[in-house]
$ cat query.txt   # compact mmCIF, C-alpha atoms
# COMPACT_ATOMS: atom_id res chain seq x y z
CA MET A 40 6.86 4.62 12.97
CA ASN A 41 9.40 7.40 13.41
CA VAL A 42 10.86 8.83 10.24
CA THR A 43 14.01 10.90 10.79
CA PRO A 44 12.94 14.13 9.05
CA GLU A 45 14.87 15.05 5.90
CA PRO A 46 12.48 17.30 3.97
CA PRO A 47 13.35 18.06 0.35
CA GLU A 48 13.89 21.68 -0.66
CA ARG A 49 10.85 22.95 -2.56
CA LEU A 50 11.97 25.04 -5.51
CA GLN A 51 8.53 25.40 -7.07
CA THR A 52 5.06 24.10 -6.24
CA VAL A 53 2.10 23.96 -8.62
CA LEU A 54 -1.25 22.82 -7.24
CA ARG A 55 -2.80 20.93 -10.13
CA TYR A 56 -6.01 19.89 -8.47
CA GLN A 57 -7.69 20.15 -5.10
CA GLY A 58 -9.81 17.01 -4.91
CA ARG A 59 -12.40 15.95 -2.41
CA LYS A 60 -9.94 14.02 -0.30
CA PHE A 61 -6.49 15.15 -1.32
CA ALA A 62 -4.43 17.69 -3.23
CA TYR A 63 -2.37 16.86 -6.28
CA GLU A 64 0.76 18.94 -6.72
CA VAL A 65 3.65 19.02 -9.15
CA ASN A 66 6.80 20.09 -7.37
CA ARG A 67 10.27 21.03 -8.46
CA LEU A 68 12.43 19.69 -5.64
CA ARG A 69 16.05 19.46 -4.58
CA LEU A 70 16.61 16.21 -2.72
CA PRO A 71 19.10 15.75 0.15
CA ASN A 72 21.56 14.09 -2.28
CA GLY A 73 21.52 17.23 -4.45
CA ALA A 74 19.43 15.76 -7.28
CA GLU A 75 16.89 18.19 -8.74
CA GLY A 76 13.78 17.19 -10.60
CA THR A 77 10.05 17.48 -11.00
CA TRP A 78 7.84 15.09 -9.10
CA GLU A 79 4.11 14.66 -8.83
CA CYS A 80 2.66 14.01 -5.40
CA ILE A 81 -0.64 13.45 -3.70
CA TYR A 82 -0.93 15.22 -0.36
CA HIS A 83 -3.40 13.24 1.69
CA PRO A 84 -4.65 13.73 5.27
CA GLY A 85 -4.07 10.06 6.06
CA GLY A 86 -6.23 7.02 6.49
CA ALA A 87 -7.36 5.17 9.61
CA LEU A 88 -7.97 1.43 9.56
CA ALA A 89 -9.40 -1.10 12.02
CA VAL A 90 -8.67 -4.78 12.45
CA PRO A 91 -11.94 -5.63 14.25
CA VAL A 92 -11.81 -8.81 16.34
CA LEU A 93 -14.94 -10.60 17.58
CA ALA A 94 -15.01 -12.47 20.90
CA ASP A 95 -14.71 -15.79 19.02
CA GLY A 96 -11.52 -14.58 17.30
CA ARG A 97 -13.02 -13.95 13.87
CA LEU A 98 -12.08 -10.75 12.06
CA VAL A 99 -14.58 -8.41 10.42
CA LEU A 100 -13.58 -7.32 6.93
CA VAL A 101 -15.50 -5.76 4.07
CA GLU A 102 -15.81 -6.75 0.46
CA GLN A 103 -15.76 -3.34 -1.15
CA TYR A 104 -16.34 -2.09 -4.68
CA ARG A 105 -13.38 -0.02 -5.89
CA PHE A 106 -13.79 1.81 -9.18
CA ALA A 107 -10.00 2.07 -9.58
CA ALA A 108 -9.76 -1.72 -9.33
CA GLN A 109 -12.91 -2.16 -11.44
CA GLY A 110 -14.14 -4.74 -8.99
CA ARG A 111 -14.44 -5.83 -5.37
CA LEU A 112 -11.57 -6.19 -2.91
CA LEU A 113 -11.32 -7.77 0.52
CA GLU A 114 -10.24 -5.05 2.94
CA PHE A 115 -10.31 -4.05 6.55
CA PRO A 116 -12.67 -1.15 7.28
CA ALA A 117 -10.92 2.19 6.80
CA GLY A 118 -11.58 5.82 6.05
CA THR A 119 -9.95 9.14 5.32
CA VAL A 120 -9.08 11.27 8.34
CA GLU A 121 -11.35 14.34 8.19
CA PRO A 122 -10.20 17.85 9.17
CA GLY A 123 -9.97 18.20 12.94
CA GLU A 124 -10.25 14.47 13.56
CA ALA A 125 -7.73 12.27 15.34
CA PRO A 126 -7.22 9.01 13.41
CA GLN A 127 -8.84 6.95 16.16
CA GLN A 128 -11.98 9.15 15.97
CA THR A 129 -12.07 8.54 12.22
CA ILE A 130 -12.02 4.81 12.53
CA GLU A 131 -14.45 4.73 15.48
CA ARG A 132 -16.92 6.46 13.15
CA GLU A 133 -16.06 4.37 10.10
CA ILE A 134 -16.56 0.95 11.67
CA GLN A 135 -20.01 1.97 12.84
CA GLU A 136 -20.91 2.99 9.28
CA GLU A 137 -19.15 0.20 7.40
CA ILE A 138 -19.72 -2.88 9.57
CA GLY A 139 -22.27 -1.74 12.15
CA TYR A 140 -20.15 -2.33 15.25
CA ARG A 141 -18.91 -0.16 18.09
CA ALA A 142 -15.62 -1.13 19.75
CA GLY A 143 -15.08 -0.95 23.51
CA ARG A 144 -11.30 -1.17 23.36
CA TRP A 145 -8.75 0.14 20.88
CA LEU A 146 -5.05 -0.64 20.51
CA SER A 147 -2.73 1.23 18.15
CA LEU A 148 -0.91 -1.15 15.80
CA GLY A 149 1.34 1.55 14.37
CA THR A 150 1.57 3.46 11.13
CA PHE A 151 3.01 2.94 7.67
CA PHE A 152 3.25 4.64 4.29
CA LEU A 153 0.95 3.41 1.57
CA ALA A 154 2.51 4.53 -1.72
CA PRO A 155 5.51 6.71 -0.82
CA GLY A 156 6.64 7.01 -4.44
CA TYR A 157 3.83 9.47 -5.11
CA SER A 158 1.73 9.97 -1.99
CA ASP A 159 2.38 11.16 1.54
CA GLU A 160 -0.56 9.13 2.85
CA ILE A 161 0.03 7.41 6.16
CA ILE A 162 -2.21 4.61 7.40
CA TYR A 163 -2.96 4.58 11.12
CA ALA A 164 -3.83 0.99 12.03
CA PHE A 165 -5.78 -0.03 15.13
CA LEU A 166 -7.00 -3.22 16.69
CA ALA A 167 -10.71 -2.89 17.60
CA CYS A 168 -11.84 -5.20 20.43
CA ASP A 169 -14.90 -5.71 22.64
CA LEU A 170 -17.19 -5.25 19.64
CA GLU A 171 -20.86 -4.51 20.13
CA LEU A 172 -23.30 -4.92 17.23
CA LEU A 173 -25.36 -1.75 16.79
CA ASP A 174 -29.13 -2.01 16.48
CA HIS A 175 -29.28 1.08 14.30
CA PRO A 176 -25.91 1.68 12.64
CA PRO A 177 -25.41 5.14 11.07
CA THR A 178 -25.54 5.23 7.28
CA GLY A 179 -22.26 5.76 5.47
CA ASP A 180 -21.44 7.47 2.19
CA ALA A 181 -24.04 6.79 -0.51
CA ASP A 182 -21.27 5.93 -2.95
CA GLU A 183 -19.86 3.16 -0.78
CA ASP A 184 -20.80 -0.31 -1.94
CA LEU A 185 -19.64 -2.92 0.55
CA ARG A 186 -20.69 -5.85 2.72
CA PRO A 187 -19.13 -7.22 5.92
CA VAL A 188 -17.25 -10.53 5.72
CA LEU A 189 -16.30 -12.61 8.79
CA MET A 190 -13.12 -14.68 8.63
CA THR A 191 -10.84 -16.42 11.08
CA PRO A 192 -7.19 -15.28 10.93
CA ALA A 193 -6.31 -18.65 9.34
CA GLU A 194 -9.00 -18.16 6.68
CA LEU A 195 -7.76 -14.65 5.95
CA GLU A 196 -4.16 -15.83 5.63
CA ALA A 197 -5.24 -18.63 3.28
CA ALA A 198 -7.32 -16.21 1.17
CA ILE A 199 -4.42 -13.76 0.80
CA LEU A 200 -1.94 -16.50 -0.12
CA ALA A 201 -4.44 -18.00 -2.59
CA GLY A 202 -4.64 -14.68 -4.47
CA ARG A 203 -8.03 -13.35 -3.41
CA PRO A 204 -8.08 -9.68 -4.46
CA VAL A 205 -6.84 -7.55 -1.56
CA ASP A 206 -5.01 -4.30 -1.01
CA ALA A 207 -1.69 -3.61 0.63
CA LYS A 208 -3.01 -1.76 3.69
CA THR A 209 -5.14 -4.78 4.62
CA VAL A 210 -2.29 -7.29 4.44
CA THR A 211 0.12 -4.93 6.21
CA SER A 212 -2.34 -4.27 9.04
CA PHE A 213 -3.01 -8.00 9.39
CA PHE A 214 0.76 -8.52 9.70
CA LEU A 215 0.90 -5.89 12.46
CA ALA A 216 -2.16 -7.31 14.23
CA ARG A 217 -1.21 -10.97 14.36
CA PRO A 218 0.96 -10.85 17.50
CA HIS A 219 -2.04 -9.30 19.30
CA LEU A 220 -4.76 -11.69 18.15
CA PRO A 221 -6.17 -14.33 20.51
CA GLN A 222 -4.52 -17.69 19.93
CA PRO A 223 -6.87 -20.32 18.41
CA MET B 162 -5.18 -12.12 -7.93
CA ASN B 163 -8.29 -12.35 -10.10
CA VAL B 164 -10.72 -9.47 -9.83
CA THR B 165 -14.16 -10.20 -11.26
CA PRO B 166 -14.49 -7.25 -13.68
CA GLU B 167 -17.18 -4.69 -12.85
CA PRO B 168 -16.01 -1.53 -14.58
CA PRO B 169 -17.78 1.71 -13.64
CA GLU B 170 -19.56 3.65 -16.36
CA ARG B 171 -17.47 6.68 -17.34
CA LEU B 172 -19.74 9.68 -17.81
CA GLN B 173 -16.94 12.21 -18.21
CA THR B 174 -13.15 12.08 -18.05
CA VAL B 175 -10.82 15.05 -17.59
CA LEU B 176 -7.08 14.42 -17.78
CA ARG B 177 -5.65 16.86 -15.26
CA TYR B 178 -2.00 15.98 -15.63
CA GLN B 179 0.17 13.53 -17.55
CA GLY B 180 3.11 12.98 -15.24
CA ARG B 181 6.35 11.14 -15.79
CA LYS B 182 5.05 7.89 -14.39
CA PHE B 183 1.29 8.16 -14.31
CA ALA B 184 -1.77 10.09 -15.42
CA TYR B 185 -4.05 11.94 -13.07
CA GLU B 186 -7.69 12.09 -14.11
CA VAL B 187 -10.90 13.42 -12.66
CA ASN B 188 -13.81 11.24 -13.68
CA ARG B 189 -17.53 11.51 -13.40
CA LEU B 190 -18.60 7.89 -12.88
CA ARG B 191 -21.68 5.78 -12.37
CA LEU B 192 -20.86 2.85 -10.08
CA PRO B 193 -22.49 -0.60 -10.33
CA ASN B 194 -24.77 0.29 -7.38
CA GLY B 195 -26.08 3.30 -9.35
CA ALA B 196 -24.27 5.95 -7.32
CA GLU B 197 -22.92 8.81 -9.42
CA GLY B 198 -20.10 11.06 -8.41
CA THR B 199 -16.78 12.65 -9.25
CA TRP B 200 -13.63 10.82 -8.30
CA GLU B 201 -9.96 11.55 -8.78
CA CYS B 202 -7.74 8.71 -9.85
CA ILE B 203 -4.14 7.98 -10.68
CA TYR B 204 -3.73 5.66 -13.66
CA HIS B 205 -0.43 3.90 -13.20
CA PRO B 206 1.30 1.23 -15.32
CA GLY B 207 2.02 -0.87 -12.24
CA GLY B 208 5.03 -1.61 -10.11
CA ALA B 209 7.25 -4.68 -9.92
CA LEU B 210 8.92 -5.71 -6.68
CA ALA B 211 11.49 -8.32 -5.69
CA VAL B 212 12.00 -10.14 -2.42
CA PRO B 213 15.67 -11.06 -3.03
CA VAL B 214 16.91 -14.04 -0.98
CA LEU B 215 20.61 -14.80 -0.51
CA ALA B 216 21.91 -18.38 -0.18
CA ASP B 217 22.23 -17.88 3.59
CA GLY B 218 18.55 -16.91 3.84
CA ARG B 219 19.07 -13.18 4.35
CA LEU B 220 16.88 -10.77 2.40
CA VAL B 221 18.20 -7.79 0.46
CA LEU B 222 16.24 -4.59 1.08
CA VAL B 223 17.00 -0.94 0.43
CA GLU B 224 16.86 2.05 2.70
CA GLN B 225 15.49 4.61 0.27
CA TYR B 226 14.94 8.35 0.46
CA ARG B 227 11.32 9.25 -0.32
CA PHE B 228 10.49 12.92 -0.73
CA ALA B 229 6.80 12.24 -0.04
CA ALA B 230 7.76 10.68 3.31
CA GLN B 231 10.40 13.36 3.92
CA GLY B 232 12.82 10.68 4.99
CA ARG B 233 14.15 7.17 4.46
CA LEU B 234 12.06 3.99 4.39
CA LEU B 235 12.99 0.32 4.50
CA GLU B 236 11.65 -1.25 1.30
CA PHE B 237 12.13 -4.15 -1.04
CA PRO B 238 13.62 -3.12 -4.41
CA ALA B 239 10.90 -2.10 -6.85
CA GLY B 240 10.29 -0.03 -9.93
CA THR B 241 7.64 1.25 -12.28
CA VAL B 242 6.79 -1.00 -15.23
CA GLU B 243 7.97 0.81 -18.37
CA PRO B 244 6.05 0.76 -21.68
CA GLY B 245 6.48 -2.56 -23.44
CA GLU B 246 7.96 -4.28 -20.41
CA ALA B 247 6.64 -7.34 -18.65
CA PRO B 248 6.73 -6.86 -14.85
CA GLN B 249 9.42 -9.51 -14.44
CA GLN B 250 11.66 -7.68 -16.94
CA THR B 251 11.18 -4.50 -14.93
CA ILE B 252 12.30 -6.05 -11.70
CA GLU B 253 15.17 -7.97 -13.29
CA ARG B 254 16.51 -4.57 -14.40
CA GLU B 255 15.70 -2.80 -11.15
CA ILE B 256 17.50 -5.18 -8.81
CA GLN B 257 20.67 -4.88 -10.89
CA GLU B 258 20.49 -1.09 -10.56
CA GLU B 259 19.29 -0.86 -6.98
CA ILE B 260 21.18 -3.64 -5.18
CA GLY B 261 23.74 -4.83 -7.76
CA TYR B 262 22.54 -8.43 -8.03
CA ARG B 263 21.31 -10.61 -10.85
CA ALA B 264 18.86 -13.40 -9.99
CA GLY B 265 19.07 -16.86 -11.57
CA ARG B 266 15.58 -17.92 -10.55
CA TRP B 267 12.29 -16.05 -10.22
CA LEU B 268 9.01 -17.04 -8.62
CA SER B 269 5.79 -15.02 -8.90
CA LEU B 270 4.34 -14.24 -5.46
CA GLY B 271 1.15 -12.74 -6.86
CA THR B 272 -0.29 -9.27 -7.23
CA PHE B 273 -2.16 -6.77 -5.09
CA PHE B 274 -3.55 -3.25 -5.21
CA LEU B 275 -1.59 -0.55 -3.48
CA ALA B 276 -4.04 2.29 -2.87
CA PRO B 277 -7.31 1.32 -4.58
CA GLY B 278 -9.17 4.33 -3.15
CA TYR B 279 -7.42 6.60 -5.67
CA SER B 280 -4.98 4.58 -7.78
CA ASP B 281 -5.23 1.62 -10.13
CA GLU B 282 -1.62 0.66 -9.40
CA ILE B 283 -1.00 -3.06 -9.08
CA ILE B 284 2.16 -4.43 -7.51
CA TYR B 285 3.61 -7.56 -9.14
CA ALA B 286 5.69 -9.30 -6.45
CA PHE B 287 8.43 -11.83 -7.17
CA LEU B 288 10.84 -13.92 -5.17
CA ALA B 289 14.37 -13.53 -6.57
CA CYS B 290 16.68 -16.48 -5.86
CA ASP B 291 20.14 -17.71 -6.89
CA LEU B 292 21.53 -14.20 -6.58
CA GLU B 293 24.85 -13.31 -8.16
CA LEU B 294 26.67 -10.12 -7.12
CA LEU B 295 27.56 -8.06 -10.21
CA ASP B 296 31.11 -6.75 -10.61
CA HIS B 297 29.86 -3.71 -12.55
CA PRO B 298 26.19 -3.04 -11.75
CA PRO B 299 24.38 -0.65 -14.11
CA THR B 300 23.73 2.81 -12.70
CA GLY B 301 20.17 3.66 -11.79
CA ASP B 302 18.26 6.93 -11.86
CA ALA B 303 20.35 9.87 -10.70
CA ASP B 304 17.53 10.95 -8.40
CA GLU B 305 17.45 7.67 -6.49
CA ASP B 306 19.12 7.83 -3.10
CA LEU B 307 19.30 4.38 -1.53
CA ARG B 308 21.60 1.79 0.02
CA PRO B 309 21.19 -2.00 0.29
CA VAL B 310 20.37 -3.49 3.70
CA LEU B 311 20.72 -7.21 4.52
CA MET B 312 18.34 -8.70 7.08
CA THR B 313 17.22 -12.16 8.11
CA PRO B 314 13.45 -12.72 7.88
CA ALA B 315 13.32 -12.67 11.71
CA GLU B 316 15.14 -9.33 11.80
CA LEU B 317 12.79 -7.88 9.19
CA GLU B 318 9.73 -9.05 11.09
CA ALA B 319 11.08 -7.56 14.31
CA ALA B 320 11.89 -4.25 12.58
CA ILE B 321 8.38 -3.97 11.11
CA LEU B 322 6.69 -4.79 14.42
CA ALA B 323 8.98 -2.35 16.26
CA GLY B 324 7.80 0.49 14.00
CA ARG B 325 10.79 1.02 11.73
CA PRO B 326 9.52 3.17 8.82
CA VAL B 327 8.32 0.92 6.01
CA ASP B 328 5.77 0.97 3.25
CA ALA B 329 2.78 -1.26 2.64
CA LYS B 330 4.08 -2.99 -0.50
CA THR B 331 7.14 -4.18 1.42
CA VAL B 332 5.18 -5.71 4.29
CA THR B 333 2.58 -7.23 1.96
CA SER B 334 5.26 -8.81 -0.24
CA PHE B 335 7.06 -10.17 2.83
CA PHE B 336 3.76 -11.74 3.90
CA LEU B 337 3.40 -13.38 0.47
CA ALA B 338 7.04 -14.52 0.44
CA ARG B 339 7.27 -16.13 3.86
CA PRO B 340 5.83 -19.56 2.93
CA HIS B 341 8.53 -19.76 0.23
CA LEU B 342 11.56 -18.72 2.28
CA PRO B 343 14.13 -21.29 3.42
CA GLN B 344 13.46 -22.37 6.99
CA PRO B 345 16.13 -21.16 9.45

$ encode --input "query.txt" --output "structure tokens"
Amino acid sequence: MNVTPEPPERLQTVLRYQGRKFAYEVNRLRLPNGAEGTWECIYHPGGALAVPVLADGRLVLVEQYRFAAQGRLLEFPAGTVEPGEAPQQTIEREIQEEIGYRAGRWLSLGTFFLAPGYSDEIIYAFLACDLELLDHPPTGDADEDLRPVLMTPAELEAAILAGRPVDAKTVTSFFLARPHLPQP
Amino acid sequence: MNVTPEPPERLQTVLRYQGRKFAYEVNRLRLPNGAEGTWECIYHPGGALAVPVLADGRLVLVEQYRFAAQGRLLEFPAGTVEPGEAPQQTIEREIQEEIGYRAGRWLSLGTFFLAPGYSDEIIYAFLACDLELLDHPPTGDADEDLRPVLMTPAELEAAILAGRPVDAKTVTSFFLARPHLPQP
């Protein structure tokens, strides 16, 4: 994804909160079309996501508790890019913690914005192949509550179309991955 | 989308900012697995999105300036659900303002979470059919900077896979819409 840069002019910036994973600012901006206004924005270091593919073609997802959704969603493994990390390093670490696999081969699937109306977060999506199940996977964050779920691409498509609770980064990454998945 | 409700226990809530479109809170929570912690969250009234289909099968998108992305993204028309509005009312209004069409027929494509790691925003996606070009479309927000873009489904798929800047709600809604689009 290549965005032709057109930064807004920042007239005033107020940092309202520096959270664990992102900053929340209220900015007075002048946009390229001359409009001025006050907008709230999350400044986020980005997220890295894996579409992990087993040798038999099944995908490894997680069913994850999300307090903001007040329930469990079907998602691909993902994590916030930590300071000093490249997105691929982030997701190499995250899939070991979240699903207990190491990947031998990675392919970039591209990038996309998640919620550009109020967040600068970019998702870096990767295909993770040549998966090896770890005997002793590292433990993840104590507050993460998730379990791995194996699905064929056809099962995942059917689940999404049937309205199983999912998030947008999972469906978008699946869309980007499909041309690269082994044909059934 | 039906999420089985498992609300977290709210131990403390601090409203950090009431913005124009959403509230930003910092919450001390106890999750269903017993983990306690402090999480930041955007509480958002939801967004409504249309996949508008012309009689010839082309889709109507917008190329929209997004300050958070510092540039222009290819997106389906969408807007924030206003107080007292049903999501379909929101998007009926938004497509008149954003692309200058009225739709004669609407089909719900379902709902999904946008960024459930830090936002409770749900996107309500609709297919908009039987489009009628308005002679005098209502004017939208002065701060919106966008232009309509017509694409066939094949052109949109190619653009997404080629890395044209997009957002996750657009790709996810396209995924949900495809089984309902007229076959070329």

$ residues_around --input "query.txt" --residues "segment 287-298 of chain B" --least-positions-apart "6" --cutoff "7 Å" --atoms "all atoms listed in the file" --output "number ranges by chain"
B: 210-216, 257-258, 261-270, 338

$ closest_residue --input "query.txt" --among "B:Arg219, B:Val164, B:Tyr185, B:Arg254" --to "Leu342 of chain B" --atoms "all atoms listed in the file"
B:Arg219

$ closest_residue --input "query.txt" --among "A:Asp95, A:Glu114, A:Glu45, A:Glu124" --to "chain B" --atoms "all atoms listed in the file"
A:Glu45

$ closest_atom_pairs --input "query.txt" --of "chain A" --to "chain B" --cutoff "8 Å" --atoms "only C-alpha atoms" --output "tab-separated table"
residue	atom	partner	partner_atom	distance
A:Met40	CA	B:Gly324	CA	4.4
A:Asn41	CA	B:Pro326	CA	6.2
A:Val42	CA	B:Gly232	CA	5.9
A:Thr43	CA	B:Gly232	CA	5.9
A:Pro44	CA	B:Gly232	CA	5.3
A:Glu45	CA	B:Gly232	CA	4.9
A:Pro46	CA	B:Gln231	CA	4.5
A:Pro47	CA	B:Phe228	CA	6.0
A:Arg55	CA	B:Arg177	CA	7.1
A:Tyr56	CA	B:Arg177	CA	7.4
A:Gly58	CA	B:Glu201	CA	6.7
A:Arg59	CA	B:Trp200	CA	7.9
A:Leu70	CA	B:Phe228	CA	7.2
A:Asn72	CA	B:Asp306	CA	6.8
A:Ala74	CA	B:Asp304	CA	5.3
A:Glu75	CA	B:Asp304	CA	7.3
A:Gly76	CA	B:Asp304	CA	7.6
A:Trp78	CA	B:Arg181	CA	7.9
A:Glu79	CA	B:Gly180	CA	6.7
A:Cys80	CA	B:Ala229	CA	7.0
A:Arg105	CA	B:Pro277	CA	6.4
A:Phe106	CA	B:Pro169	CA	6.0
A:Ala107	CA	B:Asp281	CA	4.8
A:Ala108	CA	B:Asp281	CA	5.7
A:Gln109	CA	B:Pro168	CA	4.5
A:Gly110	CA	B:Glu167	CA	4.9
A:Arg111	CA	B:Val164	CA	6.9
A:Leu112	CA	B:Val164	CA	7.7
A:Gly149	CA	B:Gly324	CA	6.6
A:Thr150	CA	B:Gly324	CA	7.5
A:Phe151	CA	B:Asp328	CA	5.6
A:Phe152	CA	B:Asp328	CA	4.6
A:Leu153	CA	B:Ala329	CA	5.1
A:Ala154	CA	B:Leu275	CA	6.8
A:Pro155	CA	B:Ala229	CA	5.7
A:Gly156	CA	B:Arg227	CA	6.6
A:Tyr157	CA	B:Ala229	CA	6.5
A:Ser158	CA	B:Ala229	CA	5.9
A:Asp159	CA	B:Ala229	CA	4.8
A:Ala181	CA	B:Ala196	CA	6.9
A:Asp182	CA	B:Ala196	CA	5.3
A:Asp184	CA	B:Asn194	CA	6.8
A:Ile199	CA	B:Leu337	CA	7.8
A:Leu200	CA	B:Leu337	CA	6.2
A:Ala201	CA	B:Met162	CA	8.0
A:Gly202	CA	B:Met162	CA	4.3
A:Arg203	CA	B:Met162	CA	5.5
A:Pro204	CA	B:Met162	CA	5.1
A:Val205	CA	B:Phe273	CA	5.9
A:Asp206	CA	B:Phe274	CA	4.6
A:Ala207	CA	B:Leu275	CA	5.1
A:Lys208	CA	B:Ala329	CA	5.9
A:Val210	CA	B:Thr333	CA	5.5
A:Thr211	CA	B:Thr333	CA	5.4
A:Phe214	CA	B:Phe336	CA	7.3
A:Leu215	CA	B:Leu322	CA	6.2

$ atom_distance --input "query.txt" --atom1 "atom CA of Thr251 of chain B" --atom2 "atom CA of Val310 of chain B"
20.8 Å

$ closest_residue --input "query.txt" --among "B:Gly207, B:Glu253, B:Glu316, B:Leu176" --to "Arg189 of chain B" --atoms "all atoms listed in the file"
B:Leu176

$ atom_distance --input "query.txt" --atom1 "atom CA of Val99 of chain A" --atom2 "atom CA of Pro116 of chain A"
8.1 Å

$ atom_distance --input "query.txt" --atom1 "atom CA of Leu113 of chain A" --atom2 "atom CA of Val101 of chain A"
5.8 Å

$ closest_residue --input "query.txt" --among "A:Leu189, A:Arg217, A:Pro223, A:Gly86" --to "Glu121 of chain A" --atoms "all atoms listed in the file"
A:Gly86
